[in-house]
>>> print(open('query.pdb').read())   # PDB, C-alpha atoms
ATOM      1  CA  GLU F   1      66.248  -5.623 -16.872  1.00  0.00           C
ATOM      2  CA  ALA F   2      65.256  -8.897 -15.241  1.00  0.00           C
ATOM      3  CA  ILE F   3      63.988 -11.880 -17.184  1.00  0.00           C
ATOM      4  CA  LEU F   4      62.038 -14.547 -15.328  1.00  0.00           C
ATOM      5  CA  ILE F   5      62.791 -18.165 -16.150  1.00  0.00           C
ATOM      6  CA  PRO F   6      60.575 -20.408 -14.005  1.00  0.00           C
ATOM      7  CA  ASN F   7      61.930 -23.538 -12.344  1.00  0.00           C
ATOM      8  CA  GLY F   8      61.231 -26.945 -13.754  1.00  0.00           C
ATOM      9  CA  PHE F   9      59.570 -29.463 -11.451  1.00  0.00           C
ATOM     10  CA  ASP F  10      60.487 -33.061 -10.683  1.00  0.00           C
ATOM     11  CA  PHE F  11      57.862 -35.001 -12.625  1.00  0.00           C
ATOM     12  CA  ASP F  12      59.838 -38.242 -12.188  1.00  0.00           C
ATOM     13  CA  ASN F  13      59.368 -38.272  -8.407  1.00  0.00           C
ATOM     14  CA  PHE F  14      56.103 -36.385  -7.902  1.00  0.00           C
ATOM     15  CA  TYR F  15      53.017 -37.779  -9.609  1.00  0.00           C
ATOM     16  CA  ILE F  16      49.600 -39.245  -8.818  1.00  0.00           C
ATOM     17  CA  GLU F  17      49.562 -42.754  -7.347  1.00  0.00           C
ATOM     18  CA  LEU F  18      46.202 -42.462  -5.582  1.00  0.00           C
ATOM     19  CA  GLU F  19      43.471 -40.623  -7.465  1.00  0.00           C
ATOM     20  CA  PRO F  20      42.178 -37.514  -5.635  1.00  0.00           C
ATOM     21  CA  ASP F  21      38.578 -38.766  -5.584  1.00  0.00           C
ATOM     22  CA  THR F  22      39.596 -41.875  -3.603  1.00  0.00           C
ATOM     23  CA  ARG F  23      41.367 -39.972  -0.791  1.00  0.00           C
ATOM     24  CA  ASP F  24      40.051 -39.179   2.661  1.00  0.00           C
ATOM     25  CA  SER F  25      38.732 -35.636   2.233  1.00  0.00           C
ATOM     26  CA  TYR F  26      39.620 -34.827   5.838  1.00  0.00           C
ATOM     27  CA  THR F  27      43.386 -35.320   5.428  1.00  0.00           C
ATOM     28  CA  GLY F  28      45.447 -32.143   5.261  1.00  0.00           C
ATOM     29  CA  MET F  29      49.163 -31.637   4.867  1.00  0.00           C
ATOM     30  CA  MET F  30      51.766 -28.967   5.524  1.00  0.00           C
ATOM     31  CA  LEU F  31      55.505 -28.356   5.585  1.00  0.00           C
ATOM     32  CA  TYR F  32      56.946 -27.429   8.977  1.00  0.00           C
ATOM     33  CA  SER F  33      59.803 -24.940   9.084  1.00  0.00           C
ATOM     34  CA  ALA F  34      61.385 -23.118  12.012  1.00  0.00           C
ATOM     35  CA  ALA F  35      61.382 -19.942   9.868  1.00  0.00           C
ATOM     36  CA  ASP F  36      58.119 -18.776  11.457  1.00  0.00           C
ATOM     37  CA  ASP F  37      58.329 -15.209  10.178  1.00  0.00           C
ATOM     38  CA  ILE F  38      58.508 -16.418   6.576  1.00  0.00           C
ATOM     39  CA  LYS F  39      56.673 -19.745   6.445  1.00  0.00           C
ATOM     40  CA  ARG F  40      54.061 -18.782   9.084  1.00  0.00           C
ATOM     41  CA  CYS F  41      53.661 -22.382  10.286  1.00  0.00           C
ATOM     42  CA  PRO F  42      51.918 -21.251  13.502  1.00  0.00           C
ATOM     43  CA  ASP F  43      49.206 -19.728  11.273  1.00  0.00           C
ATOM     44  CA  THR F  44      48.725 -23.021   9.433  1.00  0.00           C
ATOM     45  CA  ILE F  45      48.599 -24.962  12.709  1.00  0.00           C
ATOM     46  CA  ALA F  46      46.044 -22.498  14.130  1.00  0.00           C
ATOM     47  CA  ALA F  47      43.910 -22.791  10.982  1.00  0.00           C
ATOM     48  CA  PHE F  48      43.946 -26.590  11.187  1.00  0.00           C
ATOM     49  CA  LYS F  49      42.885 -26.371  14.849  1.00  0.00           C
ATOM     50  CA  LYS F  50      39.879 -24.273  13.816  1.00  0.00           C
ATOM     51  CA  VAL F  51      38.969 -26.820  11.142  1.00  0.00           C
ATOM     52  CA  LYS F  52      39.355 -29.692  13.646  1.00  0.00           C
ATOM     53  CA  ALA F  53      36.692 -28.039  15.829  1.00  0.00           C
ATOM     54  CA  GLU F  54      34.259 -28.333  12.890  1.00  0.00           C
ATOM     55  CA  LEU F  55      35.560 -31.598  11.425  1.00  0.00           C
ATOM     56  CA  PRO F  56      36.652 -33.910  14.273  1.00  0.00           C
ATOM     57  CA  LEU F  57      37.877 -36.539  11.793  1.00  0.00           C
ATOM     58  CA  LEU F  58      40.557 -34.152  10.455  1.00  0.00           C
ATOM     59  CA  LYS F  59      44.021 -35.664  10.192  1.00  0.00           C
ATOM     60  CA  VAL F  60      47.127 -33.598   9.399  1.00  0.00           C
ATOM     61  CA  LEU F  61      50.345 -34.896   7.863  1.00  0.00           C
ATOM     62  CA  VAL F  62      53.424 -32.751   8.483  1.00  0.00           C
ATOM     63  CA  PHE F  63      56.965 -33.061   7.169  1.00  0.00           C
ATOM     64  CA  GLY F  64      60.056 -31.046   7.946  1.00  0.00           C
ATOM     65  CA  VAL F  65      63.744 -31.048   8.793  1.00  0.00           C
ATOM     66  CA  PRO F  66      63.789 -30.446  12.575  1.00  0.00           C
ATOM     67  CA  SER F  67      62.811 -32.953  15.252  1.00  0.00           C
ATOM     68  CA  ARG F  68      59.071 -33.057  15.930  1.00  0.00           C
ATOM     69  CA  PRO F  69      58.090 -29.534  17.038  1.00  0.00           C
ATOM     70  CA  THR F  70      56.643 -29.243  20.535  1.00  0.00           C
ATOM     71  CA  ASP F  71      53.849 -26.946  19.323  1.00  0.00           C
ATOM     72  CA  LEU F  72      52.256 -29.613  17.105  1.00  0.00           C
ATOM     73  CA  PRO F  73      49.047 -31.109  18.501  1.00  0.00           C
ATOM     74  CA  GLU F  74      49.226 -34.861  19.097  1.00  0.00           C
ATOM     75  CA  TRP F  75      46.816 -35.531  16.204  1.00  0.00           C
ATOM     76  CA  PHE F  76      49.361 -34.152  13.707  1.00  0.00           C
ATOM     77  CA  GLU F  77      51.509 -36.956  12.204  1.00  0.00           C
ATOM     78  CA  TYR F  78      55.098 -35.738  11.816  1.00  0.00           C
ATOM     79  CA  TYR F  79      57.634 -37.084   9.308  1.00  0.00           C
ATOM     80  CA  ARG F  80      61.211 -35.884   9.675  1.00  0.00           C
ATOM     81  CA  THR F  81      63.204 -35.537   6.416  1.00  0.00           C
ATOM     82  CA  PRO F  82      61.181 -38.097   4.459  1.00  0.00           C
ATOM     83  CA  SER F  83      62.701 -39.678   1.347  1.00  0.00           C
ATOM     84  CA  LYS F  84      61.263 -38.616  -2.017  1.00  0.00           C
ATOM     85  CA  ASN F  85      59.314 -41.874  -2.156  1.00  0.00           C
ATOM     86  CA  MET F  86      57.854 -41.303   1.300  1.00  0.00           C
ATOM     87  CA  LEU F  87      57.089 -37.658   0.523  1.00  0.00           C
ATOM     88  CA  ARG F  88      55.265 -38.705  -2.660  1.00  0.00           C
ATOM     89  CA  LYS F  89      53.253 -41.215  -0.591  1.00  0.00           C
ATOM     90  CA  LEU F  90      52.302 -38.471   1.886  1.00  0.00           C
ATOM     91  CA  TYR F  91      51.282 -36.078  -0.912  1.00  0.00           C
ATOM     92  CA  ASN F  92      49.188 -38.899  -2.403  1.00  0.00           C
ATOM     93  CA  THR F  93      47.483 -39.510   0.934  1.00  0.00           C
ATOM     94  CA  ALA F  94      46.538 -35.879   1.566  1.00  0.00           C
ATOM     95  CA  ALA F  95      43.492 -34.229   0.050  1.00  0.00           C
ATOM     96  CA  VAL F  96      44.515 -30.626   0.788  1.00  0.00           C
ATOM     97  CA  PHE F  97      47.978 -29.067   1.088  1.00  0.00           C
ATOM     98  CA  VAL F  98      48.200 -25.812   3.069  1.00  0.00           C
ATOM     99  CA  ALA F  99      50.881 -23.110   2.937  1.00  0.00           C
ATOM    100  CA  ALA F 100      50.525 -19.798   4.806  1.00  0.00           C
ATOM    101  CA  SER F 101      53.853 -18.148   3.929  1.00  0.00           C
ATOM    102  CA  ARG F 102      54.398 -14.401   4.141  1.00  0.00           C
ATOM    103  CA  THR F 103      56.846 -14.506   1.231  1.00  0.00           C
ATOM    104  CA  GLU F 104      58.255 -17.169  -1.101  1.00  0.00           C
ATOM    105  CA  GLY F 105      60.119 -17.670  -4.317  1.00  0.00           C
ATOM    106  CA  MET F 106      58.681 -20.340  -6.590  1.00  0.00           C
ATOM    107  CA  ALA F 107      57.938 -22.674  -3.679  1.00  0.00           C
ATOM    108  CA  LEU F 108      58.442 -26.380  -4.345  1.00  0.00           C
ATOM    109  CA  PRO F 109      56.289 -28.237  -1.734  1.00  0.00           C
ATOM    110  CA  PRO F 110      52.916 -26.757  -2.784  1.00  0.00           C
ATOM    111  CA  ALA F 111      53.747 -27.481  -6.423  1.00  0.00           C
ATOM    112  CA  GLU F 112      54.886 -31.026  -5.618  1.00  0.00           C
ATOM    113  CA  ALA F 113      51.623 -31.533  -3.744  1.00  0.00           C
ATOM    114  CA  LEU F 114      49.660 -30.337  -6.786  1.00  0.00           C
ATOM    115  CA  LEU F 115      51.610 -32.715  -9.038  1.00  0.00           C
ATOM    116  CA  CYS F 116      50.540 -35.530  -6.697  1.00  0.00           C
ATOM    117  CA  GLY F 117      46.848 -34.566  -6.825  1.00  0.00           C
ATOM    118  CA  CYS F 118      46.380 -32.428  -3.705  1.00  0.00           C
ATOM    119  CA  ALA F 119      44.204 -29.351  -3.760  1.00  0.00           C
ATOM    120  CA  LEU F 120      46.063 -26.234  -2.630  1.00  0.00           C
ATOM    121  CA  VAL F 121      45.102 -23.707   0.033  1.00  0.00           C
ATOM    122  CA  CYS F 122      47.658 -20.915   0.321  1.00  0.00           C
ATOM    123  CA  THR F 123      48.285 -17.263   0.987  1.00  0.00           C
ATOM    124  CA  ASP F 124      48.025 -14.626  -1.709  1.00  0.00           C
ATOM    125  CA  ILE F 125      51.732 -13.950  -2.332  1.00  0.00           C
ATOM    126  CA  GLY F 126      53.942 -13.593  -5.400  1.00  0.00           C
ATOM    127  CA  GLY F 127      55.804 -16.900  -5.250  1.00  0.00           C
ATOM    128  CA  PHE F 128      52.621 -18.959  -5.015  1.00  0.00           C
ATOM    129  CA  LYS F 129      51.057 -16.999  -7.876  1.00  0.00           C
ATOM    130  CA  MET F 130      53.364 -18.804 -10.303  1.00  0.00           C
ATOM    131  CA  TYR F 131      50.828 -21.645 -10.114  1.00  0.00           C
ATOM    132  CA  ALA F 132      48.118 -20.594  -7.643  1.00  0.00           C
ATOM    133  CA  ILE F 133      45.207 -18.753  -9.239  1.00  0.00           C
ATOM    134  CA  ASP F 134      42.471 -18.045  -6.730  1.00  0.00           C
ATOM    135  CA  ASN F 135      39.399 -20.188  -7.261  1.00  0.00           C
ATOM    136  CA  GLU F 136      40.946 -21.802 -10.369  1.00  0.00           C
ATOM    137  CA  THR F 137      43.978 -23.778  -9.193  1.00  0.00           C
ATOM    138  CA  ALA F 138      43.900 -22.945  -5.462  1.00  0.00           C
ATOM    139  CA  LEU F 139      41.980 -21.145  -2.741  1.00  0.00           C
ATOM    140  CA  MET F 140      43.975 -18.129  -1.564  1.00  0.00           C
ATOM    141  CA  SER F 141      43.705 -15.879   1.477  1.00  0.00           C
ATOM    142  CA  PRO F 142      45.533 -12.809   2.796  1.00  0.00           C
ATOM    143  CA  VAL F 143      48.739 -13.369   4.761  1.00  0.00           C
ATOM    144  CA  PHE F 144      48.119 -13.535   8.550  1.00  0.00           C
ATOM    145  CA  ASP F 145      44.347 -14.186   8.073  1.00  0.00           C
ATOM    146  CA  ILE F 146      43.968 -17.460   9.985  1.00  0.00           C
ATOM    147  CA  ASP F 147      40.159 -17.405   9.797  1.00  0.00           C
ATOM    148  CA  ALA F 148      40.201 -17.106   5.991  1.00  0.00           C
ATOM    149  CA  LEU F 149      42.825 -19.854   5.748  1.00  0.00           C
ATOM    150  CA  ALA F 150      40.707 -22.149   7.954  1.00  0.00           C
ATOM    151  CA  HIS F 151      37.586 -21.304   5.934  1.00  0.00           C
ATOM    152  CA  ASN F 152      39.332 -22.309   2.689  1.00  0.00           C
ATOM    153  CA  ILE F 153      40.583 -25.590   4.163  1.00  0.00           C
ATOM    154  CA  PHE F 154      37.095 -26.366   5.483  1.00  0.00           C
ATOM    155  CA  CYS F 155      35.456 -25.509   2.138  1.00  0.00           C
ATOM    156  CA  LEU F 156      37.646 -27.923   0.192  1.00  0.00           C
ATOM    157  CA  MET F 157      37.292 -30.699   2.739  1.00  0.00           C
ATOM    158  CA  ILE F 158      33.500 -30.630   2.597  1.00  0.00           C
ATOM    159  CA  ASN F 159      33.252 -29.998  -1.170  1.00  0.00           C
ATOM    160  CA  THR F 160      34.899 -32.940  -2.912  1.00  0.00           C
ATOM    161  CA  GLU F 161      33.904 -31.745  -6.384  1.00  0.00           C
ATOM    162  CA  LYS F 162      35.563 -28.349  -5.868  1.00  0.00           C
ATOM    163  CA  ARG F 163      38.640 -29.946  -4.291  1.00  0.00           C
ATOM    164  CA  ILE F 164      39.143 -32.302  -7.219  1.00  0.00           C
ATOM    165  CA  ALA F 165      38.535 -29.565  -9.805  1.00  0.00           C
ATOM    166  CA  LEU F 166      41.191 -27.300  -8.231  1.00  0.00           C
ATOM    167  CA  ALA F 167      43.657 -30.183  -7.887  1.00  0.00           C
ATOM    168  CA  LYS F 168      43.200 -31.153 -11.533  1.00  0.00           C
ATOM    169  CA  ALA F 169      43.518 -27.577 -12.809  1.00  0.00           C
ATOM    170  CA  GLY F 170      46.619 -26.957 -10.696  1.00  0.00           C
ATOM    171  CA  ARG F 171      48.286 -30.114 -11.905  1.00  0.00           C
ATOM    172  CA  GLU F 172      47.522 -29.242 -15.529  1.00  0.00           C
ATOM    173  CA  LEU F 173      48.964 -25.738 -15.124  1.00  0.00           C
ATOM    174  CA  LEU F 174      52.221 -27.161 -13.739  1.00  0.00           C
ATOM    175  CA  GLN F 175      52.828 -29.277 -16.844  1.00  0.00           C
ATOM    176  CA  GLN F 176      54.395 -26.231 -18.538  1.00  0.00           C
ATOM    177  CA  TYR F 177      57.125 -25.993 -15.886  1.00  0.00           C
ATOM    178  CA  THR F 178      59.632 -28.490 -17.264  1.00  0.00           C
ATOM    179  CA  TRP F 179      63.416 -28.243 -17.126  1.00  0.00           C
ATOM    180  CA  ASP F 180      63.421 -28.528 -20.920  1.00  0.00           C
ATOM    181  CA  ASN F 181      61.255 -25.396 -21.191  1.00  0.00           C
ATOM    182  CA  ALA F 182      63.450 -23.570 -18.652  1.00  0.00           C
ATOM    183  CA  TYR F 183      66.549 -24.545 -20.650  1.00  0.00           C
ATOM    184  CA  LYS F 184      65.036 -23.281 -23.917  1.00  0.00           C
ATOM    185  CA  LEU F 185      64.051 -19.973 -22.324  1.00  0.00           C
ATOM    186  CA  PHE F 186      67.542 -19.581 -20.874  1.00  0.00           C
ATOM    187  CA  CYS F 187      69.148 -20.290 -24.268  1.00  0.00           C
ATOM    188  CA  ASN F 188      66.839 -17.757 -25.920  1.00  0.00           C
ATOM    189  CA  VAL F 189      67.953 -15.125 -23.413  1.00  0.00           C
ATOM    190  CA  LEU F 190      71.619 -15.876 -24.047  1.00  0.00           C
ATOM    191  CA  GLU F 191      71.142 -15.781 -27.811  1.00  0.00           C
ATOM    192  CA  SER F 192      69.288 -12.477 -27.722  1.00  0.00           C
TER
END
>>> encode(input="query.pdb", output="structure tokens")
Amino acid sequence: EAILIPNGFDFDNFYIELEPDTRDSYTGMMLYSAADDIKRCPDTIAAFKKVKAELPLLKVLVFGVPSRPTDLPEWFEYYRTPSKNMLRKLYNTAAVFVAASRTEGMALPPAEALLCGCALVCTDIGGFKMYAIDNETALMSPVFDIDALAHNIFCLMINTEKRIALAKAGRELLQQYTWDNAYKLFCNVLES
């Protein structure tokens, strides 16, 4: 029998510095990974391209471990292995964080983005569902559905009220995921 004990998040390094309502609504963000089959970064890039056709002012912030990928359009700003301080600054600049993974555990970057006040657009998978509730804390779409992903990004970028409401609700939901709570749950399991 398996017992789920959720991760705690790093509240000391990931928090709001720039209020969501003061951010450029047309700034998106994503993690780049070479694990295309899992992270589906080409899907996220394709969705952002579709949004750019409708919103020419769109800017995309990208961070990752590898050197700047050759498949990123020139209007994507790439940050290689940013420090926690720099990553927090990027999360606080972005209005919408996008993740199109096919599968995940309890993924950290989307949660860190929520802690920093981003709204979340992601795929409808188990790992994201730890904190992504469609139309409550995130906008979710089926895996591989680039059009739906682009639609959700577009919707949040043109609807500031909805974007801020999702960001706030997501951040509030994450407050339960502390290391202290994880420790207590783990101790309860051991004692039982």
>>> residues_around(input="query.pdb", residues="range 85-88 of chain F", least_positions_apart="4", cutoff="10 Å", atoms="all atoms listed in the file", output="VMD selection string")
chain F and resid 13 to 17 63 79 81 92 to 93 109 112 to 113 115 to 116
>>> residues_near_point(input="query.pdb", point="(36.1, -22.8, 13.7)", cutoff="12 Å", atoms="all atoms listed in the file", output="VMD selection string")
chain F and resid 46 to 56 146 to 155
>>> axis_aligned_box(input="query.pdb", around="range 93-96 of chain F", padding_each_side="4 Å", output="lines of an AutoDock Vina configuration file")
center_x = 45.5
center_y = -35.1
center_z = 0.8
size_x = 12.0
size_y = 16.9
size_z = 9.5
>>> resolve_selection(input="query.pdb", expression="the PyMOL selection byres ((chain F and resi 123) around 8)", output="PyMOL selection string")
chain F and resi 99-102+121-122+124-125+128+140-143+149
>>> resolve_selection(input="query.pdb", expression="the PyMOL selection byres ((chain F and resi 41) around 8)", output="ChimeraX atom specification")
/F:31-34,36,39-40,42-45,99-101
>>> resolve_selection(input="query.pdb", expression="the PyMOL selection byres ((chain F and resi 104) around 6)", output="list in words")
Thr103, Gly105 and Gly127 of chain F
>>> atom_distance(input="query.pdb", atom1="CA of Val189 in chain F", atom2="CA of Ile5 in chain F")
9.4 Å
>>> closest_residue(input="query.pdb", among="F:Val98, F:Leu114, F:Ala167, F:Leu156", to="Asp10 in chain F", atoms="all atoms listed in the file")
F:Leu114
>>> atom_distance(input="query.pdb", atom1="CA of Ser83 in chain F", atom2="CA of Gly28 in chain F")
19.2 Å
>>> atom_distance(input="query.pdb", atom1="CA of Lys84 in chain F", atom2="CA of Trp179 in chain F")
18.5 Å
>>> closest_residue(input="query.pdb", among="F:Gly64, F:Gly117, F:Pro82, F:Pro6", to="Arg23 in chain F", atoms="only C-alpha atoms")
F:Gly117
>>> closest_residue(input="query.pdb", among="F:Asn7, F:Thr160, F:Ser25, F:Thr137", to="Asn181 in chain F", atoms="all atoms listed in the file")
F:Asn7
>>> build_atoms(input="query.pdb", residues="range 39-65 of chain F", atoms="N, CA and C atoms", output="short mmCIF file (atom, residue, chain, number, x, y, z; two decimals), keeping the file's coordinate frame")
data_model
loop_
_atom_site.label_atom_id
_atom_site.label_comp_id
_atom_site.auth_asym_id
_atom_site.auth_seq_id
_atom_site.Cartn_x
_atom_site.Cartn_y
_atom_site.Cartn_z
N LYS F 39 57.58 -18.64 6.79
CA LYS F 39 56.67 -19.74 6.44
C LYS F 39 55.34 -19.68 7.18
N ARG F 40 55.29 -18.98 8.31
CA ARG F 40 54.06 -18.78 9.08
C ARG F 40 53.40 -20.11 9.47
N CYS F 41 54.20 -21.08 9.87
CA CYS F 41 53.66 -22.38 10.29
C CYS F 41 52.68 -22.27 11.46
N PRO F 42 52.93 -21.38 12.44
CA PRO F 42 51.92 -21.25 13.50
C PRO F 42 50.53 -20.86 12.97
N ASP F 43 50.49 -20.10 11.87
CA ASP F 43 49.21 -19.73 11.27
C ASP F 43 48.51 -20.96 10.69
N THR F 44 49.30 -21.80 10.02
CA THR F 44 48.72 -23.02 9.43
C THR F 44 48.22 -23.95 10.53
N ILE F 45 49.01 -24.11 11.58
CA ILE F 45 48.60 -24.96 12.71
C ILE F 45 47.31 -24.43 13.33
N ALA F 46 47.24 -23.12 13.54
CA ALA F 46 46.04 -22.50 14.13
C ALA F 46 44.82 -22.70 13.23
N ALA F 47 45.03 -22.59 11.92
CA ALA F 47 43.91 -22.79 10.98
C ALA F 47 43.42 -24.23 11.05
N PHE F 48 44.35 -25.19 11.08
CA PHE F 48 43.95 -26.59 11.19
C PHE F 48 43.20 -26.85 12.49
N LYS F 49 43.60 -26.21 13.58
CA LYS F 49 42.88 -26.37 14.85
C LYS F 49 41.44 -25.89 14.72
N LYS F 50 41.24 -24.78 14.03
CA LYS F 50 39.88 -24.27 13.82
C LYS F 50 39.06 -25.27 12.99
N VAL F 51 39.67 -25.85 11.98
CA VAL F 51 38.97 -26.82 11.14
C VAL F 51 38.64 -28.08 11.96
N LYS F 52 39.56 -28.50 12.81
CA LYS F 52 39.35 -29.69 13.65
C LYS F 52 38.13 -29.53 14.54
N ALA F 53 37.86 -28.30 14.99
CA ALA F 53 36.69 -28.04 15.83
C ALA F 53 35.40 -28.30 15.06
N GLU F 54 35.43 -28.10 13.74
CA GLU F 54 34.26 -28.33 12.89
C GLU F 54 34.24 -29.74 12.30
N LEU F 55 35.43 -30.28 12.04
CA LEU F 55 35.56 -31.60 11.42
C LEU F 55 36.44 -32.47 12.32
N PRO F 56 35.86 -33.13 13.31
CA PRO F 56 36.65 -33.91 14.27
C PRO F 56 37.49 -35.02 13.64
N LEU F 57 37.12 -35.47 12.45
CA LEU F 57 37.88 -36.54 11.79
C LEU F 57 39.13 -36.04 11.08
N LEU F 58 39.38 -34.73 11.13
CA LEU F 58 40.56 -34.15 10.46
C LEU F 58 41.84 -34.82 10.91
N LYS F 59 42.69 -35.13 9.94
CA LYS F 59 44.02 -35.66 10.19
C LYS F 59 45.00 -34.77 9.44
N VAL F 60 46.15 -34.46 10.04
CA VAL F 60 47.13 -33.60 9.40
C VAL F 60 48.47 -34.30 9.32
N LEU F 61 49.02 -34.34 8.11
CA LEU F 61 50.34 -34.90 7.86
C LEU F 61 51.32 -33.73 7.76
N VAL F 62 52.44 -33.83 8.45
CA VAL F 62 53.42 -32.75 8.48
C VAL F 62 54.79 -33.34 8.19
N PHE F 63 55.58 -32.65 7.36
CA PHE F 63 56.96 -33.06 7.17
C PHE F 63 57.87 -31.85 7.35
N GLY F 64 59.10 -32.12 7.73
CA GLY F 64 60.06 -31.05 7.95
C GLY F 64 61.43 -31.59 8.27
N VAL F 65 62.36 -30.68 8.49
CA VAL F 65 63.74 -31.05 8.79
C VAL F 65 64.00 -31.21 10.29
#
